[in-house]
>>> print(open('entry.json').read())   # JSON, C-alpha atoms
[["chain", "number", "residue", "atom", "x", "y", "z"],
["A", 229, "LEU", "CA", 0.00, 0.00, 0.00],
["A", 230, "PRO", "CA", 1.22, 3.53, -0.73],
["A", 231, "LEU", "CA", 2.47, 5.56, 2.23],
["A", 232, "LEU", "CA", 2.36, 9.32, 2.61],
["A", 233, "PHE", "CA", 5.86, 10.74, 2.31],
["A", 234, "LEU", "CA", 6.38, 14.02, 4.16],
["A", 235, "THR", "CA", 7.50, 16.22, 1.28],
["A", 236, "PRO", "CA", 6.17, 19.74, 0.61],
["A", 237, "THR", "CA", 3.66, 18.24, -1.84],
["A", 238, "LYS", "CA", 2.83, 15.19, 0.35],
["A", 239, "LYS", "CA", 3.64, 12.54, -2.22],
["A", 240, "GLU", "CA", 2.73, 8.89, -1.80],
["A", 241, "PHE", "CA", 5.40, 6.21, -1.90],
["A", 242, "LYS", "CA", 5.37, 2.45, -1.69],
["A", 243, "LYS", "CA", 6.51, 0.75, 1.48],
["A", 244, "GLU", "CA", 9.68, -0.47, -0.27],
["A", 245, "ASP", "CA", 10.56, 3.14, -1.18],
["A", 246, "ILE", "CA", 10.43, 4.06, 2.49],
["A", 247, "LEU", "CA", 12.65, 1.05, 3.25],
["A", 248, "LEU", "CA", 15.14, 2.13, 0.57],
["A", 249, "PHE", "CA", 15.17, 5.67, 1.99],
["A", 250, "ASP", "CA", 15.63, 4.46, 5.57],
["A", 251, "THR", "CA", 18.40, 1.97, 4.82],
["A", 252, "VAL", "CA", 20.46, 3.85, 2.22],
["A", 253, "PHE", "CA", 19.61, 7.53, 1.89],
["A", 254, "ARG", "CA", 18.52, 8.73, 5.33],
["A", 255, "PRO", "CA", 21.76, 7.59, 7.06],
["A", 256, "CYS", "CA", 23.74, 9.76, 4.63],
["A", 257, "GLY", "CA", 21.67, 12.85, 5.47],
["A", 258, "ALA", "CA", 19.33, 12.93, 2.47],
["A", 259, "THR", "CA", 15.99, 14.60, 3.05],
["A", 260, "THR", "CA", 12.64, 13.17, 1.98],
["A", 261, "THR", "CA", 12.38, 15.92, -0.63],
["A", 262, "GLN", "CA", 15.79, 15.07, -2.13],
["A", 263, "PHE", "CA", 14.88, 11.38, -2.21],
["A", 264, "SER", "CA", 11.50, 12.13, -3.75],
["A", 265, "ASP", "CA", 13.06, 14.23, -6.50],
["A", 266, "LEU", "CA", 15.67, 11.53, -7.16],
["A", 267, "MET", "CA", 13.06, 8.80, -7.50],
["A", 268, "GLU", "CA", 10.97, 10.97, -9.83],
["A", 269, "LYS", "CA", 13.93, 11.26, -12.17],
["A", 270, "GLY", "CA", 14.44, 7.50, -12.16],
["A", 271, "LYS", "CA", 12.47, 4.86, -14.01],
["A", 272, "ARG", "CA", 11.08, 1.73, -12.41],
["A", 273, "CYS", "CA", 11.72, -1.39, -14.46],
["A", 274, "SER", "CA", 11.17, -5.12, -14.22],
["A", 275, "ALA", "CA", 12.30, -8.22, -16.10],
["A", 276, "ARG", "CA", 11.55, -11.92, -16.24],
["A", 277, "ASP", "CA", 14.02, -14.69, -15.61],
["A", 278, "GLY", "CA", 16.32, -15.01, -18.63],
["A", 279, "GLN", "CA", 15.86, -11.48, -19.98],
["A", 280, "ILE", "CA", 18.94, -9.42, -20.85],
["A", 281, "ILE", "CA", 18.79, -6.17, -18.89],
["A", 282, "VAL", "CA", 22.16, -4.71, -19.96],
["A", 283, "GLN", "CA", 23.60, -5.25, -23.43],
["A", 284, "GLY", "CA", 27.33, -5.69, -23.93],
["A", 285, "GLY", "CA", 29.44, -4.11, -26.66],
["A", 286, "VAL", "CA", 27.43, -0.88, -26.76],
["A", 287, "GLN", "CA", 27.47, 2.31, -24.73],
["A", 288, "GLN", "CA", 25.74, 1.93, -21.38],
["A", 289, "LYS", "CA", 23.80, 5.10, -20.56],
["A", 290, "LYS", "CA", 21.99, 3.96, -17.41],
["A", 291, "ALA", "CA", 22.85, 3.22, -13.80],
["A", 292, "LEU", "CA", 20.69, 0.45, -12.34],
["A", 293, "LEU", "CA", 19.97, -0.04, -8.65],
["A", 294, "LEU", "CA", 18.50, -3.51, -8.18],
["A", 295, "LEU", "CA", 15.75, -3.68, -5.59],
["A", 296, "HIS", "CA", 14.57, -7.29, -5.80],
["A", 297, "GLY", "CA", 15.81, -10.41, -7.56],
["A", 298, "GLU", "CA", 19.12, -11.62, -8.93],
["A", 299, "ALA", "CA", 21.07, -11.03, -12.14],
["A", 300, "THR", "CA", 24.27, -12.55, -13.50],
["A", 301, "ALA", "CA", 26.90, -10.67, -15.52],
["A", 302, "TYR", "CA", 29.02, -12.28, -18.22],
["A", 303, "GLU", "CA", 32.07, -11.00, -20.04],
["A", 304, "TYR", "CA", 31.01, -9.77, -23.47],
["A", 305, "ASP", "CA", 32.76, -11.49, -26.35],
["A", 306, "ASP", "CA", 32.87, -9.07, -29.27],
["A", 307, "HIS", "CA", 33.79, -11.87, -31.66],
["A", 308, "GLU", "CA", 31.14, -14.33, -30.55],
["A", 309, "LYS", "CA", 28.51, -11.64, -29.76],
["A", 310, "SER", "CA", 27.53, -13.90, -26.91],
["A", 311, "SER", "CA", 25.82, -13.19, -23.61],
["A", 312, "GLN", "CA", 27.10, -16.43, -22.13],
["A", 313, "GLY", "CA", 30.84, -15.84, -22.06],
["A", 314, "LYS", "CA", 32.96, -16.09, -18.93],
["A", 315, "MET", "CA", 30.91, -15.39, -15.82],
["A", 316, "TYR", "CA", 31.84, -12.09, -14.20],
["A", 317, "GLY", "CA", 29.64, -12.11, -11.11],
["A", 318, "ARG", "CA", 26.14, -11.72, -9.78],
["A", 319, "TYR", "CA", 24.04, -8.81, -8.53],
["A", 320, "ILE", "CA", 21.28, -9.07, -5.93],
["A", 321, "GLY", "CA", 18.42, -6.78, -4.94],
["A", 322, "ARG", "CA", 19.26, -4.14, -2.37],
["A", 323, "LEU", "CA", 16.04, -4.80, -0.47],
["A", 324, "ASP", "CA", 16.34, -8.59, -0.46],
["A", 325, "ASP", "CA", 17.48, -10.28, 2.74],
["A", 326, "GLY", "CA", 19.79, -12.71, 0.93],
["A", 327, "SER", "CA", 18.09, -15.74, 2.42],
["A", 328, "SER", "CA", 16.94, -17.18, -0.91],
["A", 329, "SER", "CA", 19.22, -19.60, -2.74],
["A", 330, "SER", "CA", 21.32, -18.11, -5.52],
["A", 331, "ALA", "CA", 20.80, -19.02, -9.16],
["A", 332, "SER", "CA", 24.58, -18.69, -9.61],
["A", 333, "PRO", "CA", 26.03, -19.83, -6.26],
["A", 334, "GLY", "CA", 29.63, -19.94, -7.51],
["A", 335, "ALA", "CA", 29.60, -16.41, -8.95],
["A", 336, "LYS", "CA", 31.31, -13.55, -7.16],
["A", 337, "LEU", "CA", 28.86, -11.15, -5.53],
["A", 338, "ARG", "CA", 29.06, -7.71, -7.15],
["A", 339, "GLY", "CA", 26.47, -5.88, -5.09],
["A", 340, "SER", "CA", 23.27, -4.17, -6.20],
["A", 341, "LEU", "CA", 24.44, -1.23, -8.35],
["A", 342, "ILE", "CA", 25.11, -1.92, -12.02],
["A", 343, "GLY", "CA", 27.19, 0.79, -13.68],
["A", 344, "GLY", "CA", 29.09, 1.94, -10.59],
["A", 345, "ALA", "CA", 32.37, 2.46, -12.47],
["A", 346, "LEU", "CA", 30.57, 4.56, -15.07],
["A", 347, "LEU", "CA", 28.83, 6.58, -12.39],
["A", 348, "ALA", "CA", 32.11, 7.22, -10.60],
["A", 349, "GLY", "CA", 33.84, 8.26, -13.83],
["A", 350, "GLU", "CA", 36.21, 5.29, -13.74],
["A", 351, "MET", "CA", 34.99, 4.23, -17.18],
["A", 352, "GLY", "CA", 34.15, 6.62, -20.01],
["A", 353, "LEU", "CA", 30.49, 6.87, -20.99],
["A", 354, "ASP", "CA", 31.47, 6.41, -24.64],
["A", 355, "THR", "CA", 33.25, 3.11, -23.90],
["A", 356, "PRO", "CA", 31.45, -0.03, -25.08],
["A", 357, "TYR", "CA", 30.14, -1.80, -22.00],
["A", 358, "PRO", "CA", 32.19, -4.97, -21.36],
["A", 359, "ARG", "CA", 29.45, -7.04, -19.70],
["A", 360, "VAL", "CA", 26.11, -8.59, -20.51],
["A", 361, "VAL", "CA", 23.73, -8.74, -17.54],
["A", 362, "VAL", "CA", 20.95, -11.32, -17.52],
["A", 363, "ALA", "CA", 18.06, -11.66, -15.06],
["A", 364, "LYS", "CA", 18.21, -14.94, -13.14],
["A", 365, "SER", "CA", 14.85, -14.44, -11.43],
["A", 366, "ALA", "CA", 11.99, -11.98, -11.55],
["A", 367, "LEU", "CA", 13.82, -8.66, -11.24],
["A", 368, "GLU", "CA", 12.88, -5.13, -10.15],
["A", 369, "TRP", "CA", 15.11, -2.09, -10.29],
["A", 370, "VAL", "CA", 15.28, 1.70, -10.61],
["A", 371, "GLU", "CA", 17.43, 3.16, -13.36],
["A", 372, "TRP", "CA", 18.69, 6.67, -14.01],
["A", 373, "ASP", "CA", 20.34, 8.33, -16.97],
["A", 374, "LEU", "CA", 24.05, 8.33, -16.05],
["A", 375, "LYS", "CA", 24.79, 11.90, -17.06],
["A", 376, "GLU", "CA", 21.72, 13.20, -15.26],
["A", 377, "LEU", "CA", 22.54, 11.20, -12.13],
["A", 378, "GLN", "CA", 26.14, 12.44, -12.16],
["A", 379, "GLY", "CA", 24.75, 15.99, -12.30],
["A", 380, "ILE", "CA", 22.41, 15.31, -9.39],
["A", 381, "MET", "CA", 25.24, 13.88, -7.33],
["A", 382, "GLY", "CA", 27.38, 16.91, -8.09],
["A", 383, "GLU", "CA", 24.68, 19.25, -6.81],
["A", 384, "GLU", "CA", 23.39, 17.19, -3.88],
["A", 385, "LYS", "CA", 26.25, 16.00, -1.70],
["A", 386, "THR", "CA", 24.02, 13.86, 0.51],
["A", 387, "LEU", "CA", 22.77, 11.95, -2.53],
["A", 388, "GLN", "CA", 26.36, 11.59, -3.72],
["A", 389, "SER", "CA", 27.27, 10.14, -0.32],
["A", 390, "SER", "CA", 24.31, 7.75, -0.55],
["A", 391, "PHE", "CA", 25.45, 6.30, -3.87],
["A", 392, "LEU", "CA", 29.05, 6.19, -2.68],
["A", 393, "SER", "CA", 27.83, 4.28, 0.36],
["A", 394, "ILE", "CA", 26.17, 1.75, -1.94],
["A", 395, "MET", "CA", 29.36, 1.37, -3.96],
["A", 396, "TYR", "CA", 31.55, 1.20, -0.84],
["A", 397, "GLY", "CA", 29.40, -1.52, 0.69],
["A", 398, "ASP", "CA", 29.44, -3.52, -2.53],
["A", 399, "VAL", "CA", 33.19, -3.23, -2.87],
["A", 400, "ILE", "CA", 33.83, -4.19, 0.75],
["A", 401, "SER", "CA", 31.68, -7.30, 0.38],
["A", 402, "GLN", "CA", 33.77, -8.31, -2.63],
["A", 403, "LEU", "CA", 37.00, -7.96, -0.68],
["A", 404, "ARG", "CA", 36.29, -10.48, 2.02],
["A", 405, "ASN", "CA", 38.22, -13.18, 0.22],
["A", 406, "ASP", "CA", 40.49, -11.02, -1.93],
["A", 407, "ARG", "CA", 44.27, -10.92, -1.77],
["A", 408, "GLU", "CA", 46.34, -8.12, -0.23],
["A", 409, "ALA", "CA", 46.72, -6.34, -3.58],
["A", 410, "GLY", "CA", 42.95, -6.03, -3.88],
["A", 411, "ARG", "CA", 42.76, -4.28, -0.52],
["A", 412, "LEU", "CA", 44.78, -1.24, -1.60],
["A", 413, "LYS", "CA", 43.36, -1.18, -5.12],
["A", 414, "THR", "CA", 39.89, -0.90, -3.68],
["A", 415, "TYR", "CA", 40.90, 1.93, -1.35],
["A", 416, "LYS", "CA", 42.43, 3.82, -4.26],
["A", 417, "ALA", "CA", 39.20, 3.46, -6.22],
["A", 418, "LEU", "CA", 37.19, 4.83, -3.30],
["A", 419, "VAL", "CA", 39.52, 7.82, -2.90],
["A", 420, "ALA", "CA", 39.40, 8.55, -6.65],
["A", 421, "THR", "CA", 35.61, 8.60, -6.49],
["A", 422, "ILE", "CA", 35.51, 10.97, -3.52],
["A", 423, "VAL", "CA", 38.02, 13.54, -4.86],
["A", 424, "ALA", "CA", 36.66, 13.59, -8.41],
["A", 425, "ASP", "CA", 34.70, 16.80, -7.82],
["A", 426, "GLY", "CA", 37.53, 18.61, -6.01],
["A", 427, "VAL", "CA", 35.73, 18.69, -2.65],
["A", 428, "VAL", "CA", 35.79, 16.34, 0.32],
["A", 429, "THR", "CA", 32.86, 16.78, 2.69],
["A", 430, "GLU", "CA", 32.90, 15.80, 6.35],
["A", 431, "THR", "CA", 30.45, 12.99, 5.61],
["A", 432, "GLU", "CA", 32.73, 11.63, 2.87],
["A", 433, "ARG", "CA", 35.76, 11.94, 5.13],
["A", 434, "LYS", "CA", 34.08, 9.95, 7.90],
["A", 435, "LYS", "CA", 32.85, 7.33, 5.46],
["A", 436, "LEU", "CA", 36.31, 6.87, 3.98],
["A", 437, "GLU", "CA", 37.89, 6.67, 7.42],
["A", 438, "GLU", "CA", 35.47, 3.87, 8.26],
["A", 439, "TYR", "CA", 36.58, 1.86, 5.25],
["A", 440, "LYS", "CA", 40.21, 2.81, 5.79],
["A", 441, "GLN", "CA", 39.96, 0.95, 9.07],
["A", 442, "LYS", "CA", 38.10, -2.00, 7.54],
["A", 443, "LEU", "CA", 40.67, -2.35, 4.77],
["A", 444, "LYS", "CA", 43.55, -1.85, 7.23],
["A", 445, "VAL", "CA", 45.06, 0.95, 5.16],
["A", 446, "THR", "CA", 47.98, 2.67, 6.88],
["A", 447, "ASP", "CA", 48.37, 6.45, 7.08],
["A", 448, "GLU", "CA", 51.37, 6.20, 4.76],
["A", 449, "GLU", "CA", 49.31, 4.28, 2.18],
["A", 450, "HIS", "CA", 46.50, 6.80, 2.54],
["A", 451, "TYR", "CA", 48.71, 9.83, 1.89],
["A", 452, "ARG", "CA", 50.44, 8.09, -1.00],
["A", 453, "THR", "CA", 47.00, 7.43, -2.47],
["A", 454, "ILE", "CA", 45.78, 11.02, -2.24],
["A", 455, "LEU", "CA", 49.11, 12.20, -3.65],
["A", 456, "ASP", "CA", 48.59, 9.92, -6.63],
["A", 457, "GLU", "CA", 45.28, 11.73, -7.13],
["A", 458, "GLY", "CA", 47.09, 15.07, -7.11],
["A", 459, "TRP", "CA", 46.07, 16.12, -3.59],
["A", 460, "ALA", "CA", 48.52, 17.42, -1.00],
["A", 461, "ALA", "CA", 48.01, 16.55, 2.67],
["A", 462, "GLU", "CA", 47.00, 20.19, 3.24],
["A", 463, "ASP", "CA", 44.34, 19.94, 0.52],
["A", 464, "TRP", "CA", 42.94, 16.83, 2.16],
["A", 465, "ALA", "CA", 42.87, 18.43, 5.61],
["A", 466, "ARG", "CA", 41.15, 21.51, 4.19],
["A", 467, "GLY", "CA", 38.70, 19.49, 2.11],
["A", 468, "THR", "CA", 39.27, 21.40, -1.12],
["A", 469, "PHE", "CA", 41.68, 20.88, -3.99],
["A", 470, "GLU", "CA", 44.04, 23.70, -4.94],
["A", 471, "GLY", "CA", 46.34, 22.73, -7.72],
["A", 472, "LEU", "CA", 48.31, 19.53, -7.67],
["A", 473, "ARG", "CA", 46.43, 17.91, -10.56],
["A", 474, "ASN", "CA", 49.48, 18.32, -12.78],
["A", 475, "PHE", "CA", 51.48, 16.23, -10.35],
["A", 476, "GLN", "CA", 49.90, 13.11, -11.81],
["A", 477, "THR", "CA", 51.39, 13.71, -15.24],
["A", 478, "ASN", "CA", 54.88, 13.98, -13.80],
["A", 479, "SER", "CA", 54.72, 11.40, -11.03],
["A", 480, "GLY", "CA", 55.34, 8.35, -13.14],
["A", 481, "ARG", "CA", 51.89, 7.02, -12.31],
["A", 482, "SER", "CA", 51.12, 4.32, -14.85],
["A", 483, "ASP", "CA", 47.83, 3.17, -16.25],
["A", 484, "THR", "CA", 48.38, -0.19, -14.58],
["A", 485, "ASP", "CA", 48.17, 1.55, -11.20],
["A", 486, "ALA", "CA", 44.72, 2.86, -11.97],
["A", 487, "ASN", "CA", 41.78, 1.26, -10.27],
["A", 488, "THR", "CA", 38.26, 0.63, -11.33],
["A", 489, "LEU", "CA", 35.15, -0.06, -9.38],
["A", 490, "ASP", "CA", 33.17, -3.07, -10.48],
["A", 491, "VAL", "CA", 30.90, -2.34, -13.40]]
>>> encode(input="entry.json", output="structure tokens")
Amino acid sequence: LPLLFLTPTKKEFKKEDILLFDTVFRPCGATTTQFSDLMEKGKRCSARDGQIIVQGGVQQKKALLLLHGEATAYEYDDHEKSSQGKMYGRYIGRLDDGSSSSASPGAKLRGSLIGGALLAGEMGLDTPYPRVVVAKSALEWVEWDLKELQGIMGEEKTLQSSFLSIMYGDVISQLRNDREAGRLKTYKALVATIVADGVVTETERKKLEEYKQKLKVTDEEHYRTILDEGWAAEDWARGTFEGLRNFQTNSGRSDTDANTLDV
């Protein structure tokens, strides 16, 4: 049944919308009005078991937040044009409790957000998407235009923190059985996402500190990471960037050092 959401226009939302707000967006400081506006700009979608929800080999222009169900991603083979290449991982609904058996029990869990690397700017929007994502059960999700969502996140820091929180949580869950190298790579990807707009808010700082502890990143590793992103320690302490971007081009940082969030 719809519930009355306390926005200036008293909009009605489904119970699962309230759950999504309470579990993801409210803890990051988002208001009901911000959440309402965000959901209005998204599109609710559904799919049956076996349907392709993301095509590989073409530009991906949407970010998908799965609410219910399970999907499996496969590496896209440009030569075979196949959706059943090497299995990349599985995605599960954000609002599911995880108690149901998986359709792909051996697949690595990739979280609930499809297109996180694109959203974070780790992959260019004009790059052909390297995965095919197939529904493995009845599936429900909300999708947003990537460029529009990036704009929203740039304007609304609490919404940016909410999506970063989703990506952080997904990445941390992937790391539970990863090797030592994966630990620092993940931290670098999180830092790159936070500093992309040239501002570090107190909420972002606290969130990163939380995961710095979880990933057991040392202070030395942290400062080396922000330096790789062109930030001085003073910039980081101040929360604003003031001019070390050119450092990256002269620091010997190679493309192999770059990190990507899961896509």
>>> residues_near_point(input="entry.json", point="(15.4, 11.1, -9.7)", cutoff="9 Å", atoms="all atoms listed in the file", output="ChimeraX atom specification")
/A:262-271,371-372,376-377,380
>>> write_last_selection(input="entry.json", atoms="C-alpha atoms", output="PDB file, in the coordinates of the input")
ATOM      1  CA  GLN A 262      15.790  15.070  -2.130  1.00  0.00           C
ATOM      2  CA  PHE A 263      14.880  11.380  -2.210  1.00  0.00           C
ATOM      3  CA  SER A 264      11.500  12.130  -3.750  1.00  0.00           C
ATOM      4  CA  ASP A 265      13.060  14.230  -6.500  1.00  0.00           C
ATOM      5  CA  LEU A 266      15.670  11.530  -7.160  1.00  0.00           C
ATOM      6  CA  MET A 267      13.060   8.800  -7.500  1.00  0.00           C
ATOM      7  CA  GLU A 268      10.970  10.970  -9.830  1.00  0.00           C
ATOM      8  CA  LYS A 269      13.930  11.260 -12.170  1.00  0.00           C
ATOM      9  CA  GLY A 270      14.440   7.500 -12.160  1.00  0.00           C
ATOM     10  CA  LYS A 271      12.470   4.860 -14.010  1.00  0.00           C
ATOM     11  CA  GLU A 371      17.430   3.160 -13.360  1.00  0.00           C
ATOM     12  CA  TRP A 372      18.690   6.670 -14.010  1.00  0.00           C
ATOM     13  CA  GLU A 376      21.720  13.200 -15.260  1.00  0.00           C
ATOM     14  CA  LEU A 377      22.540  11.200 -12.130  1.00  0.00           C
ATOM     15  CA  ILE A 380      22.410  15.310  -9.390  1.00  0.00           C
TER      16      ILE A 380
END
>>> residues_around(input="entry.json", residues="segment 361-364 of chain A", least_positions_apart="6", cutoff="10 Å", atoms="all atoms listed in the file", output="ChimeraX atom specification")
/A:274-284,297-304,311-312,315-320,330-332,342
>>> write_last_selection(input="entry.json", atoms="C-alpha atoms", output="PDB file, in the coordinates of the input")
ATOM      1  CA  SER A 274      11.170  -5.120 -14.220  1.00  0.00           C
ATOM      2  CA  ALA A 275      12.300  -8.220 -16.100  1.00  0.00           C
ATOM      3  CA  ARG A 276      11.550 -11.920 -16.240  1.00  0.00           C
ATOM      4  CA  ASP A 277      14.020 -14.690 -15.610  1.00  0.00           C
ATOM      5  CA  GLY A 278      16.320 -15.010 -18.630  1.00  0.00           C
ATOM      6  CA  GLN A 279      15.860 -11.480 -19.980  1.00  0.00           C
ATOM      7  CA  ILE A 280      18.940  -9.420 -20.850  1.00  0.00           C
ATOM      8  CA  ILE A 281      18.790  -6.170 -18.890  1.00  0.00           C
ATOM      9  CA  VAL A 282      22.160  -4.710 -19.960  1.00  0.00           C
ATOM     10  CA  GLN A 283      23.600  -5.250 -23.430  1.00  0.00           C
ATOM     11  CA  GLY A 284      27.330  -5.690 -23.930  1.00  0.00           C
ATOM     12  CA  GLY A 297      15.810 -10.410  -7.560  1.00  0.00           C
ATOM     13  CA  GLU A 298      19.120 -11.620  -8.930  1.00  0.00           C
ATOM     14  CA  ALA A 299      21.070 -11.030 -12.140  1.00  0.00           C
ATOM     15  CA  THR A 300      24.270 -12.550 -13.500  1.00  0.00           C
ATOM     16  CA  ALA A 301      26.900 -10.670 -15.520  1.00  0.00           C
ATOM     17  CA  TYR A 302      29.020 -12.280 -18.220  1.00  0.00           C
ATOM     18  CA  GLU A 303      32.070 -11.000 -20.040  1.00  0.00           C
ATOM     19  CA  TYR A 304      31.010  -9.770 -23.470  1.00  0.00           C
ATOM     20  CA  SER A 311      25.820 -13.190 -23.610  1.00  0.00           C
ATOM     21  CA  GLN A 312      27.100 -16.430 -22.130  1.00  0.00           C
ATOM     22  CA  MET A 315      30.910 -15.390 -15.820  1.00  0.00           C
ATOM     23  CA  TYR A 316      31.840 -12.090 -14.200  1.00  0.00           C
ATOM     24  CA  GLY A 317      29.640 -12.110 -11.110  1.00  0.00           C
ATOM     25  CA  ARG A 318      26.140 -11.720  -9.780  1.00  0.00           C
ATOM     26  CA  TYR A 319      24.040  -8.810  -8.530  1.00  0.00           C
ATOM     27  CA  ILE A 320      21.280  -9.070  -5.930  1.00  0.00           C
ATOM     28  CA  SER A 330      21.320 -18.110  -5.520  1.00  0.00           C
ATOM     29  CA  ALA A 331      20.800 -19.020  -9.160  1.00  0.00           C
ATOM     30  CA  SER A 332      24.580 -18.690  -9.610  1.00  0.00           C
ATOM     31  CA  ILE A 342      25.110  -1.920 -12.020  1.00  0.00           C
TER      32      ILE A 342
END
>>> atom_distance(input="entry.json", atom1="atom CA of Thr261 of chain A", atom2="atom CA of Cys273 of chain A")
22.2 Å
>>> atom_distance(input="entry.json", atom1="atom CA of Arg322 of chain A", atom2="atom CA of Leu295 of chain A")
4.8 Å
>>> closest_residue(input="entry.json", among="A:Lys385, A:Arg466, A:His296, A:Lys289", to="Met351 of chain A", atoms="only C-alpha atoms")
A:Lys289
>>> residues_around(input="entry.json", residues="Thr468 of chain A", least_positions_apart="5", cutoff="10 Å", atoms="only C-alpha atoms", output="PyMOL selection string")
chain A and resi 423+425-429+459+462-463
>>> atom_distance(input="entry.json", atom1="atom CA of Leu323 of chain A", atom2="atom CA of Glu244 of chain A")
7.7 Å
>>> closest_residue(input="entry.json", among="A:Ala424, A:Leu294, A:Val419, A:Ala366", to="Ile454 of chain A", atoms="all atoms listed in the file")
A:Val419
>>> build_atoms(input="entry.json", residues="segment 238-253 of chain A", atoms="N, CA and C atoms", output="mmCIF file, in the coordinates of the input")
data_model
loop_
_atom_site.group_PDB
_atom_site.id
_atom_site.type_symbol
_atom_site.label_atom_id
_atom_site.label_comp_id
_atom_site.auth_asym_id
_atom_site.auth_seq_id
_atom_site.Cartn_x
_atom_site.Cartn_y
_atom_site.Cartn_z
ATOM 1 N N LYS A 238 3.437 16.374 -0.247
ATOM 2 C CA LYS A 238 2.830 15.190 0.350
ATOM 3 C C LYS A 238 2.612 14.062 -0.663
ATOM 4 N N LYS A 239 3.708 13.596 -1.216
ATOM 5 C CA LYS A 239 3.640 12.540 -2.220
ATOM 6 C C LYS A 239 3.494 11.168 -1.556
ATOM 7 N N GLU A 240 2.892 10.239 -2.286
ATOM 8 C CA GLU A 240 2.730 8.890 -1.800
ATOM 9 C C GLU A 240 3.816 7.981 -2.366
ATOM 10 N N PHE A 241 4.367 7.143 -1.493
ATOM 11 C CA PHE A 241 5.400 6.210 -1.900
ATOM 12 C C PHE A 241 5.052 4.813 -1.415
ATOM 13 N N LYS A 242 5.561 3.817 -2.115
ATOM 14 C CA LYS A 242 5.370 2.450 -1.690
ATOM 15 C C LYS A 242 6.196 2.171 -0.437
ATOM 16 N N LYS A 243 5.804 1.132 0.269
ATOM 17 C CA LYS A 243 6.510 0.750 1.480
ATOM 18 C C LYS A 243 7.988 0.469 1.203
ATOM 19 N N GLU A 244 8.285 -0.145 0.033
ATOM 20 C CA GLU A 244 9.680 -0.470 -0.270
ATOM 21 C C GLU A 244 10.503 0.793 -0.546
ATOM 22 N N ASP A 245 9.840 1.871 -0.998
ATOM 23 C CA ASP A 245 10.560 3.140 -1.180
ATOM 24 C C ASP A 245 10.994 3.697 0.166
ATOM 25 N N ILE A 246 10.086 3.589 1.149
ATOM 26 C CA ILE A 246 10.430 4.060 2.490
ATOM 27 C C ILE A 246 11.590 3.231 3.047
ATOM 28 N N LEU A 247 11.564 1.923 2.790
ATOM 29 C CA LEU A 247 12.650 1.050 3.250
ATOM 30 C C LEU A 247 13.968 1.434 2.593
ATOM 31 N N LEU A 248 13.939 1.718 1.288
ATOM 32 C CA LEU A 248 15.140 2.130 0.570
ATOM 33 C C LEU A 248 15.670 3.449 1.144
ATOM 34 N N PHE A 249 14.773 4.378 1.410
ATOM 35 C CA PHE A 249 15.170 5.670 1.990
ATOM 36 C C PHE A 249 15.800 5.464 3.360
ATOM 37 N N ASP A 250 15.162 4.653 4.193
ATOM 38 C CA ASP A 250 15.630 4.460 5.570
ATOM 39 C C ASP A 250 16.965 3.732 5.642
ATOM 40 N N THR A 251 17.192 2.788 4.734
ATOM 41 C CA THR A 251 18.400 1.970 4.820
ATOM 42 C C THR A 251 19.598 2.542 4.078
ATOM 43 N N VAL A 252 19.352 3.356 3.050
ATOM 44 C CA VAL A 252 20.460 3.850 2.220
ATOM 45 C C VAL A 252 20.601 5.368 2.276
ATOM 46 N N PHE A 253 19.514 6.085 2.088
ATOM 47 C CA PHE A 253 19.610 7.530 1.890
ATOM 48 C C PHE A 253 19.520 8.347 3.177
#
